[in-house]
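Shown next: my_file-v5.cif, given as mmCIF, C-alpha atoms.
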```
data_data
loop_
_atom_site.label_atom_id
_atom_site.label_comp_id
_atom_site.auth_asym_id
_atom_site.auth_seq_id
_atom_site.Cartn_x
_atom_site.Cartn_y
_atom_site.Cartn_z
CA MET A 1 45.27 -50.95 87.57
CA THR A 2 41.77 -51.20 86.12
CA ASP A 3 41.75 -47.41 85.94
CA ALA A 4 44.93 -47.43 83.92
CA LEU A 5 43.55 -50.12 81.64
CA SER A 6 40.27 -48.31 81.08
CA SER A 7 41.99 -45.02 80.32
CA LEU A 8 44.30 -46.86 77.91
CA TRP A 9 41.21 -48.42 76.33
CA ALA A 10 39.63 -44.97 76.00
CA ALA A 11 42.85 -43.54 74.55
CA PHE A 12 42.81 -46.20 71.84
CA PHE A 13 39.56 -44.76 70.48
CA ASN A 14 40.91 -41.22 70.41
CA PRO A 15 41.03 -40.24 66.72
CA LEU A 16 44.38 -38.45 67.26
CA TRP A 17 47.18 -40.00 69.28
CA THR A 18 50.16 -38.23 70.82
CA PRO A 19 52.51 -37.36 67.89
CA VAL A 20 55.65 -38.82 69.47
CA LEU A 21 53.84 -42.10 70.20
CA VAL A 22 52.50 -42.48 66.64
CA GLY A 23 55.88 -41.55 65.19
CA ALA A 24 57.62 -44.21 67.29
CA LEU A 25 55.00 -46.83 66.37
CA ILE A 26 55.38 -46.02 62.65
CA ALA A 27 59.16 -46.43 63.00
CA LEU A 28 58.72 -49.80 64.77
CA LEU A 29 56.28 -51.00 62.08
CA ALA A 30 58.60 -49.85 59.29
CA PHE A 31 61.50 -51.61 61.00
CA ALA A 32 59.43 -54.78 61.40
CA GLN A 33 59.19 -54.89 57.60
CA ARG A 34 62.97 -54.81 57.36
CA TRP A 35 63.36 -57.39 60.15
CA LEU A 36 60.82 -59.88 58.80
CA ALA A 37 61.11 -59.29 55.05
CA ASP A 38 64.29 -57.20 54.61
CA GLN A 39 62.08 -54.70 52.78
CA PRO A 40 61.94 -51.00 53.73
CA LEU A 41 58.63 -49.12 53.78
CA SER A 42 57.44 -48.20 50.28
CA CYS A 43 54.18 -46.80 48.93
CA SER A 44 54.67 -45.06 45.60
CA THR A 45 56.39 -48.05 43.96
CA GLY A 46 53.22 -50.02 44.73
CA PHE A 47 51.24 -47.40 42.80
CA ALA A 48 53.57 -47.89 39.83
CA CYS A 49 52.97 -51.67 40.01
CA LEU A 50 49.22 -51.08 40.20
CA ALA A 51 49.41 -48.78 37.17
CA GLN A 52 51.31 -51.44 35.26
CA ASP A 53 48.89 -54.19 36.36
CA ILE A 54 45.89 -52.33 34.97
CA THR A 55 47.57 -51.18 31.75
CA PRO A 56 46.11 -53.23 28.88
CA GLY A 57 48.62 -55.38 27.04
CA THR A 58 51.11 -55.68 29.92
CA ARG A 59 51.66 -58.82 31.93
CA ARG A 60 51.00 -58.64 35.67
CA ASP A 61 54.21 -58.94 37.65
CA ARG A 62 53.30 -61.57 40.26
CA GLU A 63 56.60 -61.05 42.06
CA SER A 64 55.48 -57.58 43.15
CA ASP A 65 51.89 -58.46 44.08
CA TRP A 66 52.77 -57.88 47.72
CA ARG A 67 53.31 -54.19 46.95
CA VAL A 68 49.73 -53.82 45.74
CA VAL A 69 48.48 -55.96 48.66
CA PHE A 70 50.27 -53.53 50.99
CA LEU A 71 48.34 -50.64 49.40
CA LEU A 72 45.08 -52.54 49.93
CA GLY A 73 46.09 -53.03 53.56
CA ILE A 74 46.50 -49.27 54.01
CA VAL A 75 42.90 -48.77 52.78
CA LEU A 76 41.69 -51.37 55.30
CA GLY A 77 43.77 -49.73 58.03
CA GLY A 78 42.10 -46.39 57.31
CA LEU A 79 38.69 -48.09 57.47
CA LEU A 80 39.60 -49.71 60.79
CA ALA A 81 40.75 -46.35 62.16
CA ALA A 82 37.48 -44.70 61.09
CA LEU A 83 35.45 -47.53 62.63
CA SER A 84 37.27 -47.11 65.95
CA ASP A 85 37.48 -43.32 66.17
CA GLY A 86 35.05 -43.03 69.06
CA SER A 87 32.09 -41.78 67.04
CA PRO A 88 28.90 -43.78 67.72
CA ALA A 89 28.42 -45.11 64.20
CA TRP A 90 30.50 -45.14 61.05
CA GLN A 91 29.11 -42.84 58.41
CA GLY A 92 32.38 -42.27 56.67
CA THR A 93 34.64 -39.70 58.20
CA ALA A 94 34.01 -36.26 56.75
CA ALA A 95 37.15 -34.78 55.26
CA GLU A 96 38.28 -31.60 56.97
CA PHE A 97 39.90 -29.19 54.58
CA GLY A 98 40.55 -26.25 56.88
CA ARG A 99 40.63 -22.65 55.72
CA PHE A 100 43.56 -23.23 53.34
CA TYR A 101 42.16 -26.05 51.17
CA THR A 102 38.64 -24.62 51.37
CA ALA A 103 39.96 -21.45 49.73
CA LEU A 104 42.37 -23.23 47.35
CA VAL A 105 40.20 -25.94 45.79
CA PRO A 106 37.54 -24.90 43.19
CA ASP A 107 33.96 -24.76 44.50
CA SER A 108 32.21 -26.59 41.66
CA ALA A 109 32.02 -30.39 41.90
CA TRP A 110 33.74 -30.97 38.55
CA GLY A 111 36.30 -28.25 39.15
CA ALA A 112 37.18 -29.86 42.49
CA ALA A 113 37.39 -33.35 40.93
CA LEU A 114 39.74 -32.05 38.24
CA TRP A 115 41.83 -30.31 40.91
CA TRP A 116 42.18 -33.52 42.94
CA ILE A 117 43.03 -35.60 39.87
CA GLY A 118 45.58 -33.02 38.71
CA GLY A 119 47.17 -32.94 42.16
CA GLY A 120 47.27 -36.75 42.16
CA LEU A 121 48.99 -36.73 38.76
CA LEU A 122 51.72 -34.42 40.11
CA ILE A 123 52.15 -36.64 43.18
CA GLY A 124 52.36 -39.88 41.16
CA LEU A 125 54.62 -38.48 38.44
CA GLY A 126 56.83 -36.69 40.96
CA ALA A 127 57.19 -39.75 43.20
CA ARG A 128 58.22 -41.95 40.25
CA LEU A 129 60.76 -39.44 38.99
CA ALA A 130 62.13 -38.96 42.50
CA GLY A 131 62.15 -42.73 43.07
CA GLY A 132 60.06 -42.56 46.22
CA CYS A 133 57.60 -40.57 48.32
CA THR A 134 57.24 -39.46 51.92
CA SER A 135 57.26 -43.15 52.92
CA GLY A 136 60.18 -44.52 50.92
CA HIS A 137 62.36 -41.43 50.89
CA THR A 138 61.50 -39.64 54.13
CA ILE A 139 60.48 -42.26 56.69
CA ALA A 140 62.54 -45.20 55.36
CA GLY A 141 65.33 -43.54 53.36
CA VAL A 142 66.35 -40.78 55.76
CA ALA A 143 66.26 -43.24 58.69
CA MET A 144 68.75 -45.39 56.73
CA GLY A 145 70.92 -42.33 56.14
CA ALA A 146 70.57 -42.34 52.35
CA PRO A 147 71.93 -39.06 50.88
CA ALA A 148 69.55 -39.14 47.87
CA SER A 149 66.58 -39.57 50.24
CA LEU A 150 67.76 -36.64 52.36
CA VAL A 151 67.93 -34.42 49.28
CA ALA A 152 64.54 -35.61 47.95
CA SER A 153 62.89 -35.11 51.36
CA ALA A 154 64.38 -31.65 51.74
CA VAL A 155 63.01 -30.67 48.31
CA PHE A 156 59.57 -32.23 49.09
CA PHE A 157 59.28 -30.11 52.22
CA ALA A 158 60.86 -26.93 50.87
CA VAL A 159 58.60 -26.88 47.78
CA ALA A 160 55.43 -27.89 49.65
CA VAL A 161 55.98 -25.38 52.46
CA GLY A 162 57.01 -22.62 50.04
CA THR A 163 54.05 -23.21 47.70
CA ALA A 164 51.53 -23.40 50.52
CA GLN A 165 52.86 -20.27 52.25
CA LEU A 166 52.88 -18.35 48.98
CA ALA A 167 49.35 -19.50 48.07
CA ALA A 168 48.05 -18.68 51.56
CA TRP A 169 49.60 -15.22 51.31
CA ALA A 170 48.18 -14.66 47.80
CA MET A 171 44.68 -15.78 48.83
CA GLY A 172 44.85 -13.87 52.09
CA VAL A 173 43.88 -16.84 54.26
CA MET S 174 47.12 -64.89 45.43
CA ILE S 175 47.46 -65.97 49.06
CA ASN S 176 50.98 -66.61 50.22
CA ARG S 177 53.09 -65.78 53.25
CA LYS S 178 54.52 -62.56 51.90
CA ASN S 179 51.17 -61.18 50.75
CA VAL S 180 49.53 -61.91 54.11
CA LEU S 181 52.44 -60.30 55.93
CA PHE S 182 52.26 -57.15 53.84
CA LEU S 183 48.48 -56.97 54.13
CA ALA S 184 49.01 -56.84 57.91
CA PHE S 185 51.79 -54.23 57.57
CA GLY S 186 49.50 -52.13 55.37
CA ILE S 187 46.63 -52.32 57.84
CA GLY S 188 48.95 -51.20 60.65
CA PHE S 189 50.41 -48.38 58.58
CA GLY S 190 47.03 -47.09 57.40
CA PHE S 191 45.68 -47.17 60.95
CA LEU S 192 48.69 -45.27 62.31
CA LEU S 193 48.56 -42.66 59.51
CA SER S 194 44.97 -41.98 60.53
CA ARG S 195 45.74 -41.75 64.26
CA ALA S 196 48.65 -39.44 63.41
CA GLY S 197 46.26 -36.98 61.77
CA ALA S 198 48.10 -37.35 58.45
CA THR S 199 44.82 -38.25 56.73
CA SER S 200 43.35 -34.79 57.26
CA PRO S 201 44.19 -32.13 54.64
CA ALA S 202 43.41 -29.51 57.31
CA ILE S 203 46.17 -30.88 59.57
CA ILE S 204 48.57 -31.15 56.59
CA SER S 205 47.91 -27.48 55.79
CA GLU S 206 48.61 -26.58 59.43
CA LEU S 207 51.99 -28.31 59.04
CA LEU S 208 52.83 -26.56 55.75
CA LEU S 209 51.75 -23.16 57.11
CA PHE S 210 53.51 -23.80 60.47
CA ASP S 211 50.22 -23.33 62.36
CA ASP S 212 50.42 -26.68 64.17
CA LEU S 213 53.52 -28.85 64.03
CA ARG S 214 52.05 -32.14 65.35
CA LEU S 215 52.82 -33.92 62.06
CA LEU S 216 56.39 -32.62 62.13
CA TRP S 217 56.83 -34.36 65.50
CA VAL S 218 55.32 -37.56 64.06
CA ILE S 219 57.72 -37.53 61.11
CA ALA S 220 60.74 -36.43 63.18
CA THR S 221 60.11 -39.16 65.76
CA ALA S 222 59.59 -41.79 63.06
CA VAL S 223 62.87 -40.81 61.40
CA MET S 224 64.84 -40.63 64.65
CA VAL S 225 63.57 -43.93 66.05
CA GLY S 226 64.04 -45.49 62.61
CA GLY S 227 67.59 -44.16 62.50
CA LEU S 228 68.33 -45.55 65.97
CA LEU S 229 66.96 -48.98 65.00
CA THR S 230 69.00 -48.89 61.78
CA TRP S 231 72.14 -48.12 63.78
CA LEU S 232 71.42 -50.87 66.34
CA ALA S 233 70.78 -53.39 63.55
CA TRP S 234 74.04 -52.42 61.87
CA ARG S 235 76.09 -52.28 65.07
CA PHE S 236 74.92 -55.64 66.39
CA GLY S 237 74.43 -57.37 63.05
CA TRP S 238 70.71 -58.10 63.50
CA ARG S 239 69.59 -60.57 60.87
CA ALA S 240 66.48 -60.44 58.70
CA ARG S 241 64.18 -63.40 59.38
CA ASN S 242 63.55 -64.23 55.74
CA THR S 243 67.12 -64.12 54.45
CA GLY S 244 69.10 -65.04 57.55
CA LYS S 245 71.58 -62.31 56.54
CA PRO S 246 72.17 -58.97 58.27
CA ILE S 247 69.26 -56.55 57.69
CA SER S 248 70.21 -54.61 54.59
CA ILE S 249 70.60 -50.85 54.55
CA GLN S 250 69.27 -49.84 51.16
CA HIS S 251 70.21 -46.45 49.81
CA LYS S 252 68.05 -45.20 46.96
CA PRO S 253 70.21 -43.89 44.07
CA PHE S 254 70.66 -40.30 42.95
CA LYS S 255 68.65 -41.06 39.84
CA ARG S 256 68.12 -38.74 36.88
CA GLY S 257 64.99 -36.70 37.49
CA LEU S 258 65.26 -36.87 41.28
CA ILE S 259 65.18 -33.11 41.81
CA ALA S 260 62.51 -32.41 39.15
CA GLY S 261 60.40 -35.25 40.55
CA SER S 262 60.79 -34.01 44.11
CA VAL S 263 59.66 -30.53 43.03
CA LEU S 264 56.56 -31.96 41.26
CA PHE S 265 55.81 -34.12 44.29
CA GLY S 266 56.07 -31.12 46.61
CA LEU S 267 53.68 -29.14 44.38
CA GLY S 268 51.13 -31.97 44.33
CA TRP S 269 51.45 -32.46 48.08
CA ALA S 270 50.84 -28.75 48.73
CA ALA S 271 47.95 -28.63 46.23
CA THR S 272 46.04 -31.52 47.80
CA GLY S 273 47.31 -32.13 51.33
CA VAL S 274 47.68 -35.76 50.32
CA CYS S 275 50.58 -38.15 49.65
CA PRO S 276 50.49 -41.69 48.19
CA GLY S 277 50.15 -43.52 51.52
CA THR S 278 47.63 -41.18 53.10
CA ALA S 279 45.45 -41.13 49.95
CA LEU S 280 44.75 -44.83 50.49
CA ALA S 281 44.05 -44.47 54.21
CA MET S 282 41.67 -41.58 53.42
CA ILE S 283 39.79 -43.77 50.93
CA GLY S 284 39.41 -46.37 53.69
CA GLU S 285 38.12 -43.72 56.07
CA GLY S 286 35.41 -42.89 53.56
CA LYS S 287 36.78 -39.55 52.39
CA GLY S 288 35.42 -39.48 48.86
CA PHE S 289 37.69 -36.79 47.40
CA ALA S 290 40.70 -39.06 48.00
CA VAL S 291 39.37 -41.45 45.32
CA TRP S 292 40.01 -38.71 42.76
CA VAL S 293 43.49 -38.09 44.12
CA GLY S 294 44.16 -41.85 44.13
CA LEU S 295 43.15 -42.14 40.47
CA GLY S 296 45.46 -39.25 39.66
CA ILE S 297 48.34 -40.92 41.53
CA VAL S 298 47.85 -44.20 39.63
CA ALA S 299 47.83 -42.37 36.28
CA GLY S 300 50.78 -40.18 37.30
CA SER S 301 52.76 -43.23 38.44
CA GLY S 302 52.18 -44.95 35.10
CA LEU S 303 53.32 -41.81 33.31
CA GLY S 304 56.34 -41.53 35.62
CA SER S 305 57.41 -45.14 34.95
CA TRP S 306 57.29 -44.35 31.24
CA VAL S 307 59.40 -41.20 31.70
CA ASN S 308 61.90 -43.18 33.84
CA GLN S 309 62.31 -45.72 31.04
CA ARG S 310 63.03 -42.90 28.60
CA LEU S 311 65.54 -41.33 31.01
CA THR S 312 67.51 -44.54 31.45
CA ARG S 313 67.47 -45.42 27.76
CA ASP S 314 69.66 -42.55 26.59
#
```

Starting from the file, give its structure as structure tokens.
Amino acid sequence: MTDALSSLWAAFFNPLWTPVLVGALIALLAFAQRWLADQPLSCSTGFACLAQDITPGTRRDRESDWRVVFLLGIVLGGLLAALSDGSPAWQGTAAEFGRFYTALVPDSAWGAALWWIGGGLLIGLGARLAGGCTSGHTIAGVAMGAPASLVASAVFFAVAVGTAQLAAWAMGV
Amino acid sequence: MINRKNVLFLAFGIGFGFLLSRAGATSPAIISELLLFDDLRLLWVIATAVMVGGLLTWLAWRFGWRARNTGKPISIQHKPFKRGLIAGSVLFGLGWAATGVCPGTALAMIGEGKGFAVWVGLGIVAGSGLGSWVNQRLTRD
């Protein structure tokens, strides 16, 4: 019994959990939002609220504050995960880019910053036009059987996979 | 502002960010392995999340589970086929492939201390503002 508990304790600090377990936990958490607040999982709409909140001359929409608070929670959750990833001290988790993003992203500091901002612009603009992102459309929408979410998710994956495969082939990585 | 809903969603966010990290979704390297079909662990995460979510949705519908805040059956919300859905999905897919980041994971990465994600996050905020503006134009005419 104590053995089982201690191995469970050790497993908690593993930076990567079994995929099926994490997937199930994400589904339970997303469903808890619907059970307690009747509100499906949503990330990109929160970004739109944040953008509106910080735009000069617009009034902050207090009714959707919880969306921005949710985004803040995700940051804290990432911090908590990094603090409990089994490494002796937190120095900030180094990002691992792998061979693909190492080859794809410009080497210079400013070139890389511009690349990341440009990518972020595409993600934000695309998510608003599509009416959702991998959270709202894929995890929440497809689970609720929404046809528009199925189409959006299929396009997300088809374009991302196609682009990445093509770029990897072109760069020879 | 501290109220019940905000506290609840702060907790939901913390849980979601933590799980995204433990899933490996906060590593561009692991995202690239998914997109290049080198390692499908994230596909299993997403597939399981969708299947378990679908099962819960069905159970809630079949047995009329009620939402705690409204007292009414948990709603099944279908996002609309809005104008710009396909174009937006294509742009999103391009940005996702270019960075290995999506809106939720960008925030979790910032929390983990991955500095590059701050740039991506700024881009997402600006892009979202731009997208809201385009959406207004699309619905006007």

- For chain A, the nearest of the candidates S:Phe236, S:Thr243, S:Gly296, S:Phe210, counting only C-alpha atoms: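 For chain A, the nearest of the given residues is S:Gly296.
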
- Item | Which residue of S:Asn242, S:Gln309, S:Ser262, S:Thr230 approaches A:Ala30 most closely, using only C-alpha atoms |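 Closest candidate: S:Thr230.
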
- Message: Show me, as an NGL selection string, the residues that have an atom within 7 Å of A:Val68 when counting only C-alpha atoms, minus same-chain residues fewer than 4 positions from it.
- Response: :A and (46 or 49-50 or 72)

Once you count all atoms listed in the file, what closest atom pair and distance in Å to one decimal does each residue of stretch 207-235 of chain S within 8 Å of stretch 123-141 of chain A have, with rows by chain and rising residue number, as CSV?
```
residue,atom,partner,partner_atom,distance
S:Ile219,CA,A:Ile139,CA,7.0
S:Ala222,CA,A:Ile139,CA,6.4
S:Val223,CA,A:Ile139,CA,5.5
S:Gly226,CA,A:Ala140,CA,7.4
```

- Task: Please evaluate the PyMOL selection byres ((chain S and resi 181-193) around 8) against the displayed coordinates and give the resulting residues as a PyMOL selection string.
- Result: (chain A and resi 22+25-26+29+33+66-67+69-81) or (chain S and resi 177-180+194-199+277-278+280-281)

- Can you work out which one of S:Ser205, S:Met174, S:Leu229, S:Gly237 has the shortest atom-to-atom distance to A:Ala27, counting all atoms listed in the file?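 Checking each candidate against A:Ala27, we get S:Leu229 as the closest.
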
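Pairwise distance (atom CA of S:Arg214, atom CA of A:Phe157) equals 15.1 Å.
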
- Message: Can you measure atom CA of S:Phe265 to atom CA of A:Ser149 for me? One decimal in Å is fine.
- Response: 13.5 Å

- If I put a ball of radius 10 Å at (70.7, -42.2, 43.4) in the file's coordinates, which residues poke into it when counting all atoms listed in the file, written as a list of chain:residue names?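 Counting all atoms listed in the file, I find these residues within 10 Å of (70.7, -42.2, 43.4): A:Ala130, A:Gly131, A:Ala146, A:Pro147, A:Ala148, A:Ser149, S:His251, S:Lys252, S:Pro253, S:Phe254, S:Lys255, S:Arg256, S:Gly257, S:Leu258.
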
- Message: Using all atoms listed in the file for the distances, tell me which of A:Ala11, A:Ile117, A:Leu150, A:Val20 is nearest to S:Val291.
- Response: A:Ile117

- Task: With the file shown as input, list the residues that the PyMOL selection byres ((chain S and resi 301) around 8) selects, as a PyMOL selection string.
- Result: (chain A and resi 44+47-48+51+121+124-125+127-128) or (chain S and resi 297-300+302-305)

- When distances are computed from all atoms listed in the file, which of S:Trp234, S:Gly288, S:Pro246, S:Ala202 shows the smallest separation from chain A?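 So, comparing all the options, the nearest one is S:Ala202.
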
- Could you pull the residues within 7 Å of S:Ala279, counting all atoms listed in the file, minus those fewer than 5 positions along the same chain, as a PyMOL selection string? chain S and resi 274+290+293-294

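Nearest residue to S:Trp238 among A:Phe100, A:Trp116, A:Phe31, A:Phe13 is A:Phe31, counting all atoms listed in the file.
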
- Query: Any idea what the distance is between atom CA of S:Pro276 and atom CA of A:Gly118?
  - Reply: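 Atom CA of A:Gly118 lies at a distance of 13.8 Å from atom CA of S:Pro276.
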
- Task: Find the residues around S:Ala240 up to 8 Å (only C-alpha atoms counted), leave out those fewer than 3 positions away in its own chain, and share them as a list in words.
- Result: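 The contact residues come out as Arg34, Trp35, Leu36, Ala37 and Asp38 of chain A; Thr243, Gly244, Lys245, Pro246 and Ile247 of chain S.
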
Could you pull stretch 276-296 of chain S out of the structure I just pasted and write it to a file containing N, CA and C atoms, as a short mmCIF file (atom, residue, chain, number, x, y, z; two decimals), in the first residue's frame?
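Full text of out-v1.cif as output:
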```
data_model
loop_
_atom_site.label_atom_id
_atom_site.label_comp_id
_atom_site.auth_asym_id
_atom_site.auth_seq_id
_atom_site.Cartn_x
_atom_site.Cartn_y
_atom_site.Cartn_z
N PRO S 276 -3.43 28.91 -28.48
CA PRO S 276 -3.72 29.93 -27.46
C PRO S 276 -3.58 29.43 -26.01
N GLY S 277 -4.11 28.24 -25.72
CA GLY S 277 -4.03 27.74 -24.35
C GLY S 277 -2.61 27.41 -23.94
N THR S 278 -1.87 26.73 -24.82
CA THR S 278 -0.53 26.30 -24.44
C THR S 278 0.44 27.47 -24.35
N ALA S 279 0.18 28.56 -25.12
CA ALA S 279 1.05 29.73 -25.03
C ALA S 279 1.10 30.23 -23.59
N LEU S 280 -0.07 30.28 -22.94
CA LEU S 280 -0.16 30.78 -21.57
C LEU S 280 0.55 29.84 -20.60
N ALA S 281 0.33 28.54 -20.76
CA ALA S 281 0.99 27.58 -19.88
C ALA S 281 2.51 27.66 -20.04
N MET S 282 2.97 27.88 -21.28
CA MET S 282 4.42 28.00 -21.53
C MET S 282 4.99 29.23 -20.84
N ILE S 283 4.22 30.33 -20.86
CA ILE S 283 4.67 31.54 -20.17
C ILE S 283 4.84 31.23 -18.68
N GLY S 284 3.88 30.52 -18.11
CA GLY S 284 3.97 30.14 -16.70
C GLY S 284 5.16 29.25 -16.40
N GLU S 285 5.50 28.40 -17.35
CA GLU S 285 6.65 27.50 -17.18
C GLU S 285 7.97 28.25 -17.27
N GLY S 286 7.92 29.49 -17.72
CA GLY S 286 9.14 30.27 -17.86
C GLY S 286 9.77 30.19 -19.24
N LYS S 287 9.01 29.75 -20.23
CA LYS S 287 9.53 29.70 -21.60
C LYS S 287 9.34 31.07 -22.25
N GLY S 288 10.44 31.82 -22.31
CA GLY S 288 10.38 33.22 -22.71
C GLY S 288 9.81 33.47 -24.09
N PHE S 289 10.11 32.60 -25.06
CA PHE S 289 9.64 32.86 -26.44
C PHE S 289 8.12 32.94 -26.50
N ALA S 290 7.44 32.24 -25.57
CA ALA S 290 5.98 32.20 -25.60
C ALA S 290 5.37 33.56 -25.30
N VAL S 291 6.14 34.45 -24.64
CA VAL S 291 5.65 35.81 -24.40
C VAL S 291 5.43 36.52 -25.73
N TRP S 292 6.39 36.33 -26.65
CA TRP S 292 6.23 36.92 -27.99
C TRP S 292 4.99 36.38 -28.68
N VAL S 293 4.85 35.04 -28.64
CA VAL S 293 3.69 34.42 -29.28
C VAL S 293 2.41 34.94 -28.64
N GLY S 294 2.40 35.05 -27.30
CA GLY S 294 1.22 35.53 -26.59
C GLY S 294 0.84 36.94 -27.02
N LEU S 295 1.85 37.81 -27.15
CA LEU S 295 1.57 39.18 -27.62
C LEU S 295 0.96 39.16 -29.01
N GLY S 296 1.52 38.30 -29.87
CA GLY S 296 0.97 38.16 -31.22
C GLY S 296 -0.48 37.68 -31.19
#
```
